[in-house]
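Data first, discussion second: the structure below is written as structure tokens.
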Amino acid sequence: MQQNRTFRLNVVDVHGEVYTGMARFVAVPAELGEIGILPGHAPLLSGLRPGELRITQPDGQTQILFLEGGMLEIQPDIVTILADASLRIADIDIHESRERIKDAQSTLAKRAVPAMDFARAELELQREVAKLHAYQRYQIHEQRGGGAGNYNWERPALQNVPKVNVQDLED
């Protein structure tokens with residue numbers, strides 16, 4: 001009995017269908033961390049954070065998109081991603097991202113900012129920093145020849161992770 005080694009992947013954003021096809025593996029930026037998806041994955045619903053969607057197609061080619069958040073549904077034979085917005089990594093405008101980062105940092109540096117503006121600036125900063133990291137990894141990948149084996153799959157180190165005292169949680 002031969003097991004099916006692919007699954008259907010559908011990616012849709014507010015502008016319409018982004019990607020539809022078969023995949024062998026998908027890495028998705030879920031809210032609680034990156035999720036790797038293989039055929040037969042257990043059903044799951046998750047929110048998405050800004051980051052890279054890496055798709056390994058049946059022929060071994062890798063497609064990389066940048067998602068600005070959204071929702072993920074996994075079923076054993078089909079994965080559906082409803083993205084807030086998506087971009088090809090090559091289409092990221094790093095100059096615009098750097099300007100948005102400066103604007104967000106300026107808003108966050110102000111003391112008397114309404115809570116909603118502060119939260120919006122925080123999300124903008126996270127999204128644009130994720131775009132820059134994705135673009136930089138993509139550029140290195142292209143310089144090395146563009147093959148899937150050349151792609152830097154390492155995630156950047158976590159920063160500002162709060163320390164959790166398990167004992168406090170149990171009380």
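A note on labels: chains of the structure tokens are A, B, ... as shown, every chain counts residues from 1, and ligands are counted from 1 in their shown order.
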*Just list the residues in region 10-155 of chain A DSSP gives strand (DSSP E) on the backbone, as number ranges by chain.*
A: 10-13, 16-23, 25-30, 33-37, 44-56, 62-74, 78-83, 86-88
*Please provide the set of residues having any atom within 7 Å of Ala83 (chain A), restricted to only C-alpha atoms, with same-chain residues fewer than 6 positions apart removed, written as number ranges by chain.*
A: 12-13, 67-71
_Point-to-point distance in Å for CA of Met116 (chain A) and CA of Asp84 (chain A)_ =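 Going from CA of Asp84 (chain A) over to CA of Met116 (chain A) covers 19.5 Å.
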*Which parts of region 3-131 of chain A does DSSP call helix (DSSP H, G or I) when run on the backbone here, written out as an MDAnalysis selection string?*
chainID A and resid 89:91 94:109 115:131
Can you spit out the residues from that selection as a short mmCIF file (atom, residue, chain, number, x, y, z; two decimals), in the first residue's frame, using N, CA, C and O atoms?
```cif
data_model
loop_
_atom_site.label_atom_id
_atom_site.label_comp_id
_atom_site.auth_asym_id
_atom_site.auth_seq_id
_atom_site.Cartn_x
_atom_site.Cartn_y
_atom_site.Cartn_z
N ILE A 89 8.30 37.29 -2.04
CA ILE A 89 9.43 37.87 -1.30
C ILE A 89 10.17 38.89 -2.18
O ILE A 89 10.57 39.95 -1.72
N ALA A 90 10.32 38.56 -3.46
CA ALA A 90 11.05 39.46 -4.36
C ALA A 90 10.35 40.80 -4.54
O ALA A 90 10.97 41.78 -4.95
N ASP A 91 9.06 40.87 -4.24
CA ASP A 91 8.30 42.11 -4.42
C ASP A 91 8.30 43.02 -3.20
O ASP A 91 7.69 44.08 -3.22
N ILE A 94 12.05 47.13 0.35
CA ILE A 94 12.76 47.28 1.62
C ILE A 94 12.86 48.75 2.05
O ILE A 94 12.90 49.04 3.24
N HIS A 95 12.89 49.66 1.11
CA HIS A 95 12.97 51.09 1.47
C HIS A 95 11.67 51.52 2.16
O HIS A 95 11.70 52.22 3.17
N GLU A 96 10.54 51.08 1.62
CA GLU A 96 9.25 51.39 2.24
C GLU A 96 9.14 50.72 3.62
O GLU A 96 8.66 51.34 4.57
N SER A 97 9.62 49.48 3.74
CA SER A 97 9.60 48.79 5.03
C SER A 97 10.43 49.52 6.07
O SER A 97 10.03 49.67 7.22
N ARG A 98 11.61 50.00 5.66
CA ARG A 98 12.47 50.73 6.60
C ARG A 98 11.80 52.03 7.06
O ARG A 98 11.90 52.40 8.23
N GLU A 99 11.12 52.71 6.15
CA GLU A 99 10.40 53.94 6.52
C GLU A 99 9.27 53.62 7.52
O GLU A 99 9.07 54.35 8.49
N ARG A 100 8.55 52.56 7.26
CA ARG A 100 7.46 52.17 8.17
C ARG A 100 8.00 51.77 9.54
O ARG A 100 7.38 52.04 10.56
N ILE A 101 9.16 51.13 9.56
CA ILE A 101 9.79 50.77 10.84
C ILE A 101 10.14 52.04 11.62
O ILE A 101 9.87 52.14 12.81
N LYS A 102 10.72 53.02 10.94
CA LYS A 102 11.06 54.29 11.60
C LYS A 102 9.81 54.98 12.16
O LYS A 102 9.81 55.46 13.29
N ASP A 103 8.74 55.00 11.37
CA ASP A 103 7.49 55.62 11.82
C ASP A 103 6.92 54.90 13.05
O ASP A 103 6.49 55.53 14.01
N ALA A 104 6.93 53.57 13.00
CA ALA A 104 6.41 52.79 14.12
C ALA A 104 7.26 53.00 15.37
O ALA A 104 6.73 53.16 16.47
N GLN A 105 8.58 53.00 15.21
CA GLN A 105 9.46 53.23 16.35
C GLN A 105 9.26 54.61 16.94
O GLN A 105 9.29 54.79 18.16
N SER A 106 9.02 55.60 16.10
CA SER A 106 8.76 56.96 16.56
C SER A 106 7.48 57.01 17.39
O SER A 106 7.43 57.63 18.46
N THR A 107 6.43 56.34 16.90
CA THR A 107 5.17 56.30 17.65
C THR A 107 5.35 55.59 18.98
O THR A 107 4.85 56.04 20.02
N LEU A 108 6.09 54.49 18.98
CA LEU A 108 6.30 53.73 20.22
C LEU A 108 7.15 54.50 21.23
O LEU A 108 7.03 54.29 22.43
N ALA A 109 8.01 55.41 20.74
CA ALA A 109 8.88 56.17 21.63
C ALA A 109 8.13 57.29 22.36
O ALA A 109 8.58 57.78 23.40
N ALA A 115 -3.70 54.09 23.46
CA ALA A 115 -3.40 52.64 23.47
C ALA A 115 -3.59 52.01 22.10
O ALA A 115 -2.81 51.15 21.69
N MET A 116 -4.61 52.42 21.38
CA MET A 116 -4.88 51.85 20.05
C MET A 116 -3.75 52.18 19.08
O MET A 116 -3.32 51.32 18.31
N ASP A 117 -3.26 53.42 19.11
CA ASP A 117 -2.15 53.80 18.23
C ASP A 117 -0.88 53.04 18.60
O ASP A 117 -0.11 52.64 17.73
N PHE A 118 -0.67 52.83 19.89
CA PHE A 118 0.50 52.09 20.36
C PHE A 118 0.43 50.65 19.85
O PHE A 118 1.41 50.13 19.31
N ALA A 119 -0.73 50.01 19.99
CA ALA A 119 -0.90 48.62 19.53
C ALA A 119 -0.73 48.53 18.02
O ALA A 119 -0.08 47.60 17.51
N ARG A 120 -1.28 49.48 17.29
CA ARG A 120 -1.16 49.49 15.83
C ARG A 120 0.31 49.64 15.42
O ARG A 120 0.78 48.97 14.50
N ALA A 121 1.03 50.52 16.10
CA ALA A 121 2.45 50.73 15.79
C ALA A 121 3.26 49.48 16.10
O ALA A 121 4.18 49.13 15.36
N GLU A 122 2.92 48.80 17.19
CA GLU A 122 3.61 47.57 17.57
C GLU A 122 3.44 46.50 16.49
O GLU A 122 4.39 45.83 16.09
N LEU A 123 2.21 46.33 16.01
CA LEU A 123 1.93 45.35 14.96
C LEU A 123 2.64 45.71 13.65
O LEU A 123 3.17 44.84 12.96
N GLU A 124 2.63 46.99 13.33
CA GLU A 124 3.31 47.46 12.12
C GLU A 124 4.81 47.18 12.20
O GLU A 124 5.42 46.71 11.24
N LEU A 125 5.39 47.43 13.36
CA LEU A 125 6.82 47.18 13.56
C LEU A 125 7.13 45.69 13.39
O LEU A 125 8.07 45.33 12.67
N GLN A 126 6.34 44.82 14.01
CA GLN A 126 6.56 43.37 13.89
C GLN A 126 6.46 42.92 12.44
O GLN A 126 7.28 42.14 11.96
N ARG A 127 5.45 43.39 11.72
CA ARG A 127 5.23 42.99 10.34
C ARG A 127 6.39 43.44 9.44
O ARG A 127 6.91 42.67 8.64
N GLU A 128 6.81 44.69 9.59
CA GLU A 128 7.86 45.21 8.72
C GLU A 128 9.22 44.60 9.03
O GLU A 128 10.02 44.36 8.12
N VAL A 129 9.51 44.32 10.30
CA VAL A 129 10.76 43.65 10.64
C VAL A 129 10.76 42.24 10.06
O VAL A 129 11.77 41.78 9.52
N ALA A 130 9.63 41.54 10.15
CA ALA A 130 9.52 40.20 9.55
C ALA A 130 9.74 40.26 8.04
O ALA A 130 10.40 39.39 7.47
N LYS A 131 9.22 41.29 7.39
CA LYS A 131 9.43 41.46 5.94
C LYS A 131 10.91 41.62 5.63
O LYS A 131 11.43 41.02 4.69
#
```
Who sits within 8 Å of Glu52 (chain A), only C-alpha atoms, same chain under 2 positions skipped, as a PDB file with all heavy atoms, in the first residue's frame:
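The result, stored in out-v1.pdb:
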```
ATOM      1  N   ALA A  27       5.826  25.098   5.403  1.00  0.00           N
ATOM      2  CA  ALA A  27       6.177  25.716   6.686  1.00  0.00           C
ATOM      3  C   ALA A  27       5.391  27.022   6.772  1.00  0.00           C
ATOM      4  O   ALA A  27       5.456  27.851   5.864  1.00  0.00           O
ATOM      5  CB  ALA A  27       7.667  25.980   6.773  1.00  0.00           C
ATOM      6  N   VAL A  28       4.629  27.176   7.867  1.00  0.00           N
ATOM      7  CA  VAL A  28       3.693  28.285   8.021  1.00  0.00           C
ATOM      8  C   VAL A  28       4.023  29.059   9.304  1.00  0.00           C
ATOM      9  O   VAL A  28       4.275  28.449  10.341  1.00  0.00           O
ATOM     10  CB  VAL A  28       2.245  27.742   8.114  1.00  0.00           C
ATOM     11  CG1 VAL A  28       1.252  28.867   8.190  1.00  0.00           C
ATOM     12  CG2 VAL A  28       1.936  26.853   6.941  1.00  0.00           C
ATOM     13  N   PRO A  29       3.977  30.401   9.267  1.00  0.00           N
ATOM     14  CA  PRO A  29       4.249  31.197  10.476  1.00  0.00           C
ATOM     15  C   PRO A  29       3.002  31.313  11.360  1.00  0.00           C
ATOM     16  O   PRO A  29       2.271  32.294  11.307  1.00  0.00           O
ATOM     17  CB  PRO A  29       4.653  32.561   9.898  1.00  0.00           C
ATOM     18  CG  PRO A  29       3.852  32.654   8.624  1.00  0.00           C
ATOM     19  CD  PRO A  29       3.795  31.254   8.081  1.00  0.00           C
ATOM     20  N   PRO A  50       2.772  37.539  10.856  1.00  0.00           N
ATOM     21  CA  PRO A  50       3.546  37.887   9.658  1.00  0.00           C
ATOM     22  C   PRO A  50       4.799  37.020   9.553  1.00  0.00           C
ATOM     23  O   PRO A  50       5.484  36.775  10.551  1.00  0.00           O
ATOM     24  CB  PRO A  50       3.932  39.347   9.887  1.00  0.00           C
ATOM     25  CG  PRO A  50       2.920  39.867  10.857  1.00  0.00           C
ATOM     26  CD  PRO A  50       2.584  38.697  11.735  1.00  0.00           C
ATOM     27  N   ARG A  54       6.665  28.812   3.257  1.00  0.00           N
ATOM     28  CA  ARG A  54       7.565  28.079   2.366  1.00  0.00           C
ATOM     29  C   ARG A  54       6.866  26.812   1.899  1.00  0.00           C
ATOM     30  O   ARG A  54       6.437  25.995   2.708  1.00  0.00           O
ATOM     31  CB  ARG A  54       8.871  27.770   3.084  1.00  0.00           C
ATOM     32  CG  ARG A  54       9.640  29.029   3.442  1.00  0.00           C
ATOM     33  CD  ARG A  54      11.006  28.748   4.025  1.00  0.00           C
ATOM     34  NE  ARG A  54      11.045  27.739   5.043  1.00  0.00           N
ATOM     35  CZ  ARG A  54      10.777  27.937   6.334  1.00  0.00           C
ATOM     36  NH1 ARG A  54      10.406  29.135   6.756  1.00  0.00           N
ATOM     37  NH2 ARG A  54      10.868  26.964   7.204  1.00  0.00           N
ATOM     38  N   ILE A  64       8.278  30.625  -2.084  1.00  0.00           N
ATOM     39  CA  ILE A  64       8.297  31.360  -0.824  1.00  0.00           C
ATOM     40  C   ILE A  64       7.446  32.605  -0.974  1.00  0.00           C
ATOM     41  O   ILE A  64       7.632  33.393  -1.899  1.00  0.00           O
ATOM     42  CB  ILE A  64       9.739  31.745  -0.424  1.00  0.00           C
ATOM     43  CG1 ILE A  64      10.618  30.502  -0.383  1.00  0.00           C
ATOM     44  CG2 ILE A  64       9.735  32.438   0.932  1.00  0.00           C
ATOM     45  CD1 ILE A  64      12.088  30.792  -0.285  1.00  0.00           C
ATOM     46  N   LEU A  65       6.499  32.762  -0.056  1.00  0.00           N
ATOM     47  CA  LEU A  65       5.630  33.935  -0.030  1.00  0.00           C
ATOM     48  C   LEU A  65       5.744  34.583   1.342  1.00  0.00           C
ATOM     49  O   LEU A  65       6.083  33.923   2.324  1.00  0.00           O
ATOM     50  CB  LEU A  65       4.171  33.540  -0.261  1.00  0.00           C
ATOM     51  CG  LEU A  65       3.837  32.871  -1.581  1.00  0.00           C
ATOM     52  CD1 LEU A  65       2.410  32.357  -1.546  1.00  0.00           C
ATOM     53  CD2 LEU A  65       4.012  33.851  -2.717  1.00  0.00           C
ATOM     54  N   PHE A  66       5.427  35.858   1.410  1.00  0.00           N
ATOM     55  CA  PHE A  66       5.354  36.540   2.696  1.00  0.00           C
ATOM     56  C   PHE A  66       3.885  36.755   3.012  1.00  0.00           C
ATOM     57  O   PHE A  66       3.145  37.300   2.199  1.00  0.00           O
ATOM     58  CB  PHE A  66       6.079  37.891   2.672  1.00  0.00           C
ATOM     59  CG  PHE A  66       6.082  38.550   4.012  1.00  0.00           C
ATOM     60  CD1 PHE A  66       7.022  38.209   4.960  1.00  0.00           C
ATOM     61  CD2 PHE A  66       5.101  39.474   4.345  1.00  0.00           C
ATOM     62  CE1 PHE A  66       7.011  38.797   6.207  1.00  0.00           C
ATOM     63  CE2 PHE A  66       5.078  40.061   5.590  1.00  0.00           C
ATOM     64  CZ  PHE A  66       6.039  39.721   6.530  1.00  0.00           C
ATOM     65  N   LEU A  67       3.451  36.282   4.186  1.00  0.00           N
ATOM     66  CA  LEU A  67       2.078  36.478   4.645  1.00  0.00           C
ATOM     67  C   LEU A  67       2.058  37.544   5.724  1.00  0.00           C
ATOM     68  O   LEU A  67       2.936  37.569   6.585  1.00  0.00           O
ATOM     69  CB  LEU A  67       1.516  35.174   5.229  1.00  0.00           C
ATOM     70  CG  LEU A  67       1.520  33.954   4.320  1.00  0.00           C
ATOM     71  CD1 LEU A  67       0.979  32.739   5.073  1.00  0.00           C
ATOM     72  CD2 LEU A  67       0.733  34.209   3.059  1.00  0.00           C
ATOM     73  N   ALA A 134      12.755  38.315   6.025  1.00  0.00           N
ATOM     74  CA  ALA A 134      12.423  37.425   4.916  1.00  0.00           C
ATOM     75  C   ALA A 134      13.152  37.854   3.649  1.00  0.00           C
ATOM     76  O   ALA A 134      13.710  37.021   2.923  1.00  0.00           O
ATOM     77  CB  ALA A 134      10.909  37.411   4.684  1.00  0.00           C
TER      78      ALA A 134
END
```
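A straight line drawn from CA of Val14 (chain A) to CA of Gln136 (chain A) is 25.7 Å long.
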Contact residues around Leu9 (chain A) with only C-alpha atoms at 10 Å, ignoring same-chain residues under 6 positions, as a CSV table (one decimal) with C-alpha atoms, in the first residue's frame:
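around20.csv was written with the following content:
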```
chain,number,residue,atom,x,y,z
A,19,TYR,CA,-1.5,29.7,-4.8
A,20,THR,CA,-3.4,26.4,-5.5
A,21,GLY,CA,-1.6,23.2,-6.1
A,22,MET,CA,-0.1,20.1,-4.6
A,23,ALA,CA,2.7,20.2,-1.9
A,24,ARG,CA,5.0,17.8,-0.2
A,25,PHE,CA,5.8,20.1,2.7
A,26,VAL,CA,4.7,23.5,3.9
A,55,ILE,CA,6.0,25.6,0.0
A,57,GLN,CA,6.2,21.3,-4.4
A,74,ILE,CA,-5.2,21.9,8.2
A,77,ASP,CA,-5.5,16.0,2.6
A,78,ILE,CA,-5.9,19.7,2.2
A,79,VAL,CA,-4.4,22.9,3.8
A,80,THR,CA,-6.2,26.2,3.5
A,81,ILE,CA,-4.6,29.6,4.3
```
*Figure out the distance between CA of Asp93 (chain A) and CA of Leu53 (chain A), please, to one decimal in Å.*
17.9 Å
*asked:* I'd like to know which of A:Gln75, A:Thr62, A:Ser46, A:Ser86 is closest to Tyr138 (chain A), using only C-alpha atoms.
replied: A:Thr62
